[in-house]
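Engineer: Submitted below is the structure of interest, expressed as structure tokens.
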Amino acid sequence: MRVGVLTGGGDCPGLNAVIRGIVRKGVQEYDYSFIGFKDGWRGPLEGDAVPLDIPAVRGILPRGGTVLGSSRTNPLKEQNGIRRIKENLAKSEVDALIVIGGEDTLGVAARLADEYGVRVIGVPKTIDNDLSATDYTFGFDTAVGIATEAIDRLHTTAESHMRVLVVEVMGRHAGWIALHSGLAGGANAILIPEQRFDVDQVCSWVSSRFRASYAPIVVIAEGAMPRDGEMVLKDGSLDSYGHVRLSGVGEWLAKQIEDRTGKEARTTVLGHVQRGGTPSAFDRWLATRFGLHAIEAVRDGDFGKMVALRGTDIVRVPIADATARLKTVDPELYEEVGVFFG
Ligand code: F6P
């Protein structure tokens with residue numbers, strides 16, 4: 001059996017741990033051989049692959065990024081994209097493909113499996129934690145840890161200058177990173193895409209924090225939207241899956257706060273620092289287990305499935321289930337943390 005592996009979409013801490021888990025178990029226990037396709041779907045589209053064996057995965061467990069490279073290449077937008085992928089898989093004598101990706105990459109994997117009979121297994125990855133069918137995606141815990149550390153640091157500088165610090169975090173249209181890091185970091189307001197925010201309410205939280213002689217920290221998800229108005233964007237460009245590039249709302253909110261409260265407000269946009277560097281222990285643990293279970297699914301011939309975390313168990317679900325619906329923050333959960341605002 002020869003297995004292809006690819007990592008697609010935005011990179012995410014833990015990708016290398018998955019690759020290592022797949023290869024170690026596949027070689028040692030099943031005597032499989034592997035190739036790694038480069039840069040997400042670009043690899044199988046263009047037949048660009050590298051050998052993957054045990055020496056190739058040594059030492060990569062704690063490394064951020066992906067040794068295979070990644071991209072947001074969308075084969076469904078390329079001429080004869082699916083046909084080219086099938087031809088290149090056949091040319092490389094690949095019997096099965098393990099696709100490690102988020103909503104977009106796995107969306108293509110689901111179509112390849114369900115409509116074109118390609119033998120695919122999916123592994124869920126994204127710092128956004130917005131894939132349904134799995135309790136957590138790997139990468140999320142690391143991103144939350146980085147954002148929490150940043151918030152901790154921003155508290156002390158905010159206090160020294162008695163100014164507002166607005167922290168914009170990633171997460172696309174889901175508020176998971178904002179909610180978890182905001183709660184862990186003791187933010188005075190957390191604004192998420194699932195619930196439009198009222199600028200006057202935010203200003204009143206800010207003012208009440210100042211009245212208590214502390215400086216406020218406002219955590220805002222990049223996809224959060226004001227109650228009155230449109231999504232605030234720095235630039236409205238789209239990626240190859242048609243998603244708008246988010247960011248800009250933090251800067252906009254700081255200006256609104258300054259204008260309405262007269263207090264100085266600054267913005268920190270955490271950006272890609274949330275995705276870079278070494279994965280947390282939890283993400284290494286989860287990613288490794290996903291890798292081990294993905295190769296087991298290949299061995300069982302259980303194609304069209306994605307490995308997923310349910311409680312502490314790794315289960316298999318149809319890939320299409322994972323991409324059918326975005327997993328967003330439940331209003332009740334958001335309400336629960338509201339006690340800390342202001
Ligand atoms: O999906 C992961 C993510 O980091 C989002 O949180 C963010 O909106 C997006 O990717 C950024 O993508 P890019 O790195 O392509 O700008």
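Naming works like this for the structure tokens: A, B, ... for the chains as they're shown, residue 1 at the start of each chain, ligands 1 onward in shown order.
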Listing only residues of chain A within 7 Å of ligand 1, what is the closest atom pair and its distance in Å (to one decimal) for each, using only C-alpha atoms and all ligand atoms, sorted by chain and residue number ascending, as JSON lines?

Structural biologist:
{"residue": "A:Gly10", "atom": "CA", "partner": "ligand 1", "partner_atom_place_in_ligand_line": "10 (O)", "distance": 5.2}
{"residue": "A:Thr126", "atom": "CA", "partner": "ligand 1", "partner_atom_place_in_ligand_line": "2 (C)", "distance": 5.8}
{"residue": "A:Ile127", "atom": "CA", "partner": "ligand 1", "partner_atom_place_in_ligand_line": "2 (C)", "distance": 5.7}
{"residue": "A:Asp128", "atom": "CA", "partner": "ligand 1", "partner_atom_place_in_ligand_line": "6 (O)", "distance": 5.5}
{"residue": "A:Met170", "atom": "CA", "partner": "ligand 1", "partner_atom_place_in_ligand_line": "6 (O)", "distance": 4.1}
{"residue": "A:Gly171", "atom": "CA", "partner": "ligand 1", "partner_atom_place_in_ligand_line": "6 (O)", "distance": 3.8}
{"residue": "A:Arg172", "atom": "CA", "partner": "ligand 1", "partner_atom_place_in_ligand_line": "8 (O)", "distance": 4.3}
{"residue": "A:Arg245", "atom": "CA", "partner": "ligand 1", "partner_atom_place_in_ligand_line": "16 (O)", "distance": 6.3}
{"residue": "A:Leu246", "atom": "CA", "partner": "ligand 1", "partner_atom_place_in_ligand_line": "8 (O)", "distance": 5.5}
{"residue": "A:His272", "atom": "CA", "partner": "ligand 1", "partner_atom_place_in_ligand_line": "4 (O)", "distance": 6.7}
{"residue": "A:Arg275", "atom": "CA", "partner": "ligand 1", "partner_atom_place_in_ligand_line": "4 (O)", "distance": 6.6}

Engineer: May I have the residues within 10 Å of Val123 (chain A) as a list in words, using only C-alpha atoms and disregarding those fewer than 5 positions away in the same chain?

Structural biologist: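 Near Val123 (chain A), the qualifying residues are Thr7, Leu15, Val18, Ile98, Val99, Ile100, Gly101, Gly102, Leu106, Thr137, Phe138, Ala287, Phe290, Gly291, His293, Ala294, Lys305, Met306, Val307, Ala308, Arg316 and Ile319 of chain A.
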
Engineer: How would the residues just picked look written out with N, CA, C and O atoms as a short mmCIF file (atom, residue, chain, number, x, y, z; two decimals), in the first residue's frame?

Structural biologist:
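Saved to part10.cif:
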data_model
loop_
_atom_site.label_atom_id
_atom_site.label_comp_id
_atom_site.auth_asym_id
_atom_site.auth_seq_id
_atom_site.Cartn_x
_atom_site.Cartn_y
_atom_site.Cartn_z
N THR A 7 -1.07 18.59 3.31
CA THR A 7 -1.56 19.56 4.30
C THR A 7 -2.02 20.80 3.54
O THR A 7 -1.25 21.39 2.79
N LEU A 15 0.62 20.18 12.62
CA LEU A 15 0.56 19.48 11.32
C LEU A 15 1.68 18.44 11.23
O LEU A 15 1.46 17.31 10.76
N VAL A 18 0.97 15.24 13.11
CA VAL A 18 0.07 14.31 12.41
C VAL A 18 0.86 13.50 11.39
O VAL A 18 0.74 12.26 11.33
N ILE A 98 -4.30 10.81 2.44
CA ILE A 98 -4.72 11.41 3.72
C ILE A 98 -4.62 12.92 3.59
O ILE A 98 -3.55 13.47 3.26
N VAL A 99 -5.76 13.58 3.79
CA VAL A 99 -5.85 15.02 3.60
C VAL A 99 -6.01 15.69 4.96
O VAL A 99 -6.98 15.44 5.67
N ILE A 100 -5.04 16.52 5.32
CA ILE A 100 -5.07 17.21 6.61
C ILE A 100 -5.44 18.67 6.31
O ILE A 100 -4.67 19.38 5.66
N GLY A 101 -6.63 19.07 6.73
CA GLY A 101 -7.05 20.42 6.37
C GLY A 101 -8.27 20.89 7.13
O GLY A 101 -8.82 20.18 7.96
N GLY A 102 -8.67 22.12 6.81
CA GLY A 102 -9.85 22.71 7.43
C GLY A 102 -11.04 22.60 6.48
O GLY A 102 -11.05 21.78 5.56
N LEU A 106 -10.92 20.12 3.27
CA LEU A 106 -11.72 18.91 3.49
C LEU A 106 -12.97 18.91 2.61
O LEU A 106 -13.49 17.84 2.26
N THR A 137 -10.23 20.89 17.17
CA THR A 137 -9.24 20.68 16.11
C THR A 137 -7.88 20.99 16.74
O THR A 137 -7.79 21.82 17.65
N PHE A 138 -6.82 20.33 16.25
CA PHE A 138 -5.51 20.67 16.80
C PHE A 138 -5.08 22.03 16.23
O PHE A 138 -5.54 22.44 15.17
N ALA A 287 -2.90 15.87 17.72
CA ALA A 287 -2.45 15.71 16.34
C ALA A 287 -1.84 14.32 16.13
O ALA A 287 -2.10 13.65 15.13
N PHE A 290 -4.61 11.79 16.03
CA PHE A 290 -5.31 11.88 14.74
C PHE A 290 -4.51 11.14 13.66
O PHE A 290 -5.07 10.42 12.83
N GLY A 291 -3.19 11.34 13.67
CA GLY A 291 -2.34 10.68 12.67
C GLY A 291 -2.43 9.17 12.79
O GLY A 291 -2.60 8.45 11.79
N HIS A 293 -4.80 7.35 14.11
CA HIS A 293 -6.13 6.84 13.75
C HIS A 293 -6.40 6.99 12.25
O HIS A 293 -7.15 6.21 11.68
N ALA A 294 -5.80 8.00 11.63
CA ALA A 294 -6.01 8.18 10.18
C ALA A 294 -5.41 7.01 9.41
O ALA A 294 -6.02 6.47 8.48
N LYS A 305 -13.98 9.04 5.23
CA LYS A 305 -14.18 9.38 6.64
C LYS A 305 -13.11 10.36 7.12
O LYS A 305 -12.02 10.45 6.55
N MET A 306 -13.48 11.04 8.20
CA MET A 306 -12.53 11.94 8.86
C MET A 306 -12.39 11.49 10.31
O MET A 306 -13.39 11.06 10.91
N VAL A 307 -11.19 11.57 10.85
CA VAL A 307 -11.03 11.25 12.27
C VAL A 307 -11.47 12.48 13.08
O VAL A 307 -11.32 13.61 12.63
N ALA A 308 -12.06 12.23 14.24
CA ALA A 308 -12.62 13.33 15.03
C ALA A 308 -12.48 13.01 16.50
O ALA A 308 -12.44 11.84 16.88
N ARG A 316 -14.61 8.05 13.84
CA ARG A 316 -14.61 8.37 12.40
C ARG A 316 -15.99 8.87 12.01
O ARG A 316 -16.99 8.28 12.41
N ILE A 319 -16.57 12.68 6.00
CA ILE A 319 -15.89 13.99 5.84
C ILE A 319 -16.92 15.09 5.59
O ILE A 319 -16.81 16.20 6.11
#

Engineer: If we count only C-alpha atoms and set the cut-off at 10 Å, which residues sit around Val164 (chain A), ignoring sequence neighbours fewer than 6 positions away in its own chain? Please answer as an MDAnalysis selection string.

Structural biologist: chainID A and resid 154:155 157:158 206:207 209:210 214:218 254 257:258 263:267

Engineer: Any idea what the distance is between CA of Arg72 (chain A) and CA of Val244 (chain A)?

Structural biologist: 12.9 Å

Engineer: Please return, as a PyMOL selection string, all residues of region 175-220 of chain A that DSSP assigns to helix (DSSP H, G or I) on the basis of the backbone.

Structural biologist: chain A and resi 176-184+199-211

Engineer: Filtering to N, CA, C and O atoms, could you give me those residues as a PDB file, in the first residue's frame?

Structural biologist:
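That gives us selection-v3.pdb:
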ATOM      1  N   TRP A 176     -14.286  31.280  18.787  1.00  0.00           N
ATOM      2  CA  TRP A 176     -13.673  30.384  19.780  1.00  0.00           C
ATOM      3  C   TRP A 176     -12.372  30.913  20.359  1.00  0.00           C
ATOM      4  O   TRP A 176     -12.158  30.867  21.573  1.00  0.00           O
ATOM      5  N   ILE A 177     -11.485  31.425  19.499  1.00  0.00           N
ATOM      6  CA  ILE A 177     -10.188  31.898  20.014  1.00  0.00           C
ATOM      7  C   ILE A 177     -10.427  33.103  20.931  1.00  0.00           C
ATOM      8  O   ILE A 177      -9.854  33.205  22.020  1.00  0.00           O
ATOM      9  N   ALA A 178     -11.302  34.005  20.496  1.00  0.00           N
ATOM     10  CA  ALA A 178     -11.593  35.196  21.310  1.00  0.00           C
ATOM     11  C   ALA A 178     -12.186  34.789  22.657  1.00  0.00           C
ATOM     12  O   ALA A 178     -11.764  35.277  23.706  1.00  0.00           O
ATOM     13  N   LEU A 179     -13.139  33.882  22.621  1.00  0.00           N
ATOM     14  CA  LEU A 179     -13.832  33.491  23.854  1.00  0.00           C
ATOM     15  C   LEU A 179     -12.878  32.813  24.839  1.00  0.00           C
ATOM     16  O   LEU A 179     -12.824  33.183  26.018  1.00  0.00           O
ATOM     17  N   HIS A 180     -12.125  31.844  24.346  1.00  0.00           N
ATOM     18  CA  HIS A 180     -11.246  31.093  25.248  1.00  0.00           C
ATOM     19  C   HIS A 180     -10.091  31.952  25.763  1.00  0.00           C
ATOM     20  O   HIS A 180      -9.790  31.942  26.954  1.00  0.00           O
ATOM     21  N   SER A 181      -9.458  32.711  24.872  1.00  0.00           N
ATOM     22  CA  SER A 181      -8.308  33.509  25.330  1.00  0.00           C
ATOM     23  C   SER A 181      -8.796  34.694  26.150  1.00  0.00           C
ATOM     24  O   SER A 181      -8.154  35.089  27.129  1.00  0.00           O
ATOM     25  N   GLY A 182      -9.940  35.258  25.771  1.00  0.00           N
ATOM     26  CA  GLY A 182     -10.479  36.395  26.523  1.00  0.00           C
ATOM     27  C   GLY A 182     -10.831  35.999  27.944  1.00  0.00           C
ATOM     28  O   GLY A 182     -10.546  36.715  28.904  1.00  0.00           O
ATOM     29  N   LEU A 183     -11.417  34.829  28.082  1.00  0.00           N
ATOM     30  CA  LEU A 183     -11.783  34.349  29.423  1.00  0.00           C
ATOM     31  C   LEU A 183     -10.515  34.018  30.218  1.00  0.00           C
ATOM     32  O   LEU A 183     -10.365  34.440  31.368  1.00  0.00           O
ATOM     33  N   ALA A 184      -9.596  33.298  29.573  1.00  0.00           N
ATOM     34  CA  ALA A 184      -8.364  32.896  30.268  1.00  0.00           C
ATOM     35  C   ALA A 184      -7.507  34.111  30.620  1.00  0.00           C
ATOM     36  O   ALA A 184      -6.811  34.108  31.631  1.00  0.00           O
ATOM     37  N   VAL A 199     -21.451  49.362  20.184  1.00  0.00           N
ATOM     38  CA  VAL A 199     -20.269  50.160  20.537  1.00  0.00           C
ATOM     39  C   VAL A 199     -20.502  50.917  21.849  1.00  0.00           C
ATOM     40  O   VAL A 199     -19.611  51.025  22.691  1.00  0.00           O
ATOM     41  N   ASP A 200     -21.735  51.414  22.045  1.00  0.00           N
ATOM     42  CA  ASP A 200     -22.016  52.152  23.288  1.00  0.00           C
ATOM     43  C   ASP A 200     -21.875  51.239  24.501  1.00  0.00           C
ATOM     44  O   ASP A 200     -21.370  51.651  25.542  1.00  0.00           O
ATOM     45  N   GLN A 201     -22.318  49.996  24.348  1.00  0.00           N
ATOM     46  CA  GLN A 201     -22.182  49.030  25.448  1.00  0.00           C
ATOM     47  C   GLN A 201     -20.704  48.773  25.750  1.00  0.00           C
ATOM     48  O   GLN A 201     -20.293  48.750  26.909  1.00  0.00           O
ATOM     49  N   VAL A 202     -19.915  48.624  24.694  1.00  0.00           N
ATOM     50  CA  VAL A 202     -18.467  48.395  24.886  1.00  0.00           C
ATOM     51  C   VAL A 202     -17.859  49.598  25.610  1.00  0.00           C
ATOM     52  O   VAL A 202     -17.096  49.450  26.565  1.00  0.00           O
ATOM     53  N   CYS A 203     -18.260  50.813  25.201  1.00  0.00           N
ATOM     54  CA  CYS A 203     -17.729  52.028  25.839  1.00  0.00           C
ATOM     55  C   CYS A 203     -18.144  52.086  27.302  1.00  0.00           C
ATOM     56  O   CYS A 203     -17.376  52.552  28.154  1.00  0.00           O
ATOM     57  N   SER A 204     -19.343  51.599  27.593  1.00  0.00           N
ATOM     58  CA  SER A 204     -19.756  51.646  28.997  1.00  0.00           C
ATOM     59  C   SER A 204     -18.963  50.632  29.831  1.00  0.00           C
ATOM     60  O   SER A 204     -18.588  50.913  30.970  1.00  0.00           O
ATOM     61  N   TRP A 205     -18.635  49.475  29.264  1.00  0.00           N
ATOM     62  CA  TRP A 205     -17.753  48.517  29.970  1.00  0.00           C
ATOM     63  C   TRP A 205     -16.378  49.135  30.208  1.00  0.00           C
ATOM     64  O   TRP A 205     -15.793  49.011  31.281  1.00  0.00           O
ATOM     65  N   VAL A 206     -15.883  49.813  29.175  1.00  0.00           N
ATOM     66  CA  VAL A 206     -14.563  50.453  29.247  1.00  0.00           C
ATOM     67  C   VAL A 206     -14.564  51.503  30.368  1.00  0.00           C
ATOM     68  O   VAL A 206     -13.674  51.545  31.224  1.00  0.00           O
ATOM     69  N   SER A 207     -15.595  52.321  30.397  1.00  0.00           N
ATOM     70  CA  SER A 207     -15.663  53.392  31.396  1.00  0.00           C
ATOM     71  C   SER A 207     -15.778  52.823  32.797  1.00  0.00           C
ATOM     72  O   SER A 207     -15.162  53.331  33.741  1.00  0.00           O
ATOM     73  N   SER A 208     -16.553  51.743  32.935  1.00  0.00           N
ATOM     74  CA  SER A 208     -16.716  51.191  34.281  1.00  0.00           C
ATOM     75  C   SER A 208     -15.396  50.584  34.780  1.00  0.00           C
ATOM     76  O   SER A 208     -15.070  50.683  35.959  1.00  0.00           O
ATOM     77  N   ARG A 209     -14.618  50.050  33.877  1.00  0.00           N
ATOM     78  CA  ARG A 209     -13.297  49.523  34.251  1.00  0.00           C
ATOM     79  C   ARG A 209     -12.381  50.667  34.711  1.00  0.00           C
ATOM     80  O   ARG A 209     -11.683  50.551  35.705  1.00  0.00           O
ATOM     81  N   PHE A 210     -12.426  51.776  33.993  1.00  0.00           N
ATOM     82  CA  PHE A 210     -11.612  52.927  34.405  1.00  0.00           C
ATOM     83  C   PHE A 210     -12.063  53.454  35.763  1.00  0.00           C
ATOM     84  O   PHE A 210     -11.243  53.841  36.585  1.00  0.00           O
ATOM     85  N   ARG A 211     -13.390  53.459  35.991  1.00  0.00           N
ATOM     86  CA  ARG A 211     -13.899  53.957  37.280  1.00  0.00           C
ATOM     87  C   ARG A 211     -13.369  53.120  38.441  1.00  0.00           C
ATOM     88  O   ARG A 211     -13.179  53.604  39.541  1.00  0.00           O
TER      89      ARG A 211
END

Engineer: Excluding Lys327 (chain A) and any residue of its chain fewer than 2 positions from it, enumerate the residues within 8 Å of it, using only C-alpha atoms, and give them as a PyMOL selection string.

Structural biologist: chain A and resi 129-132+174+325+329
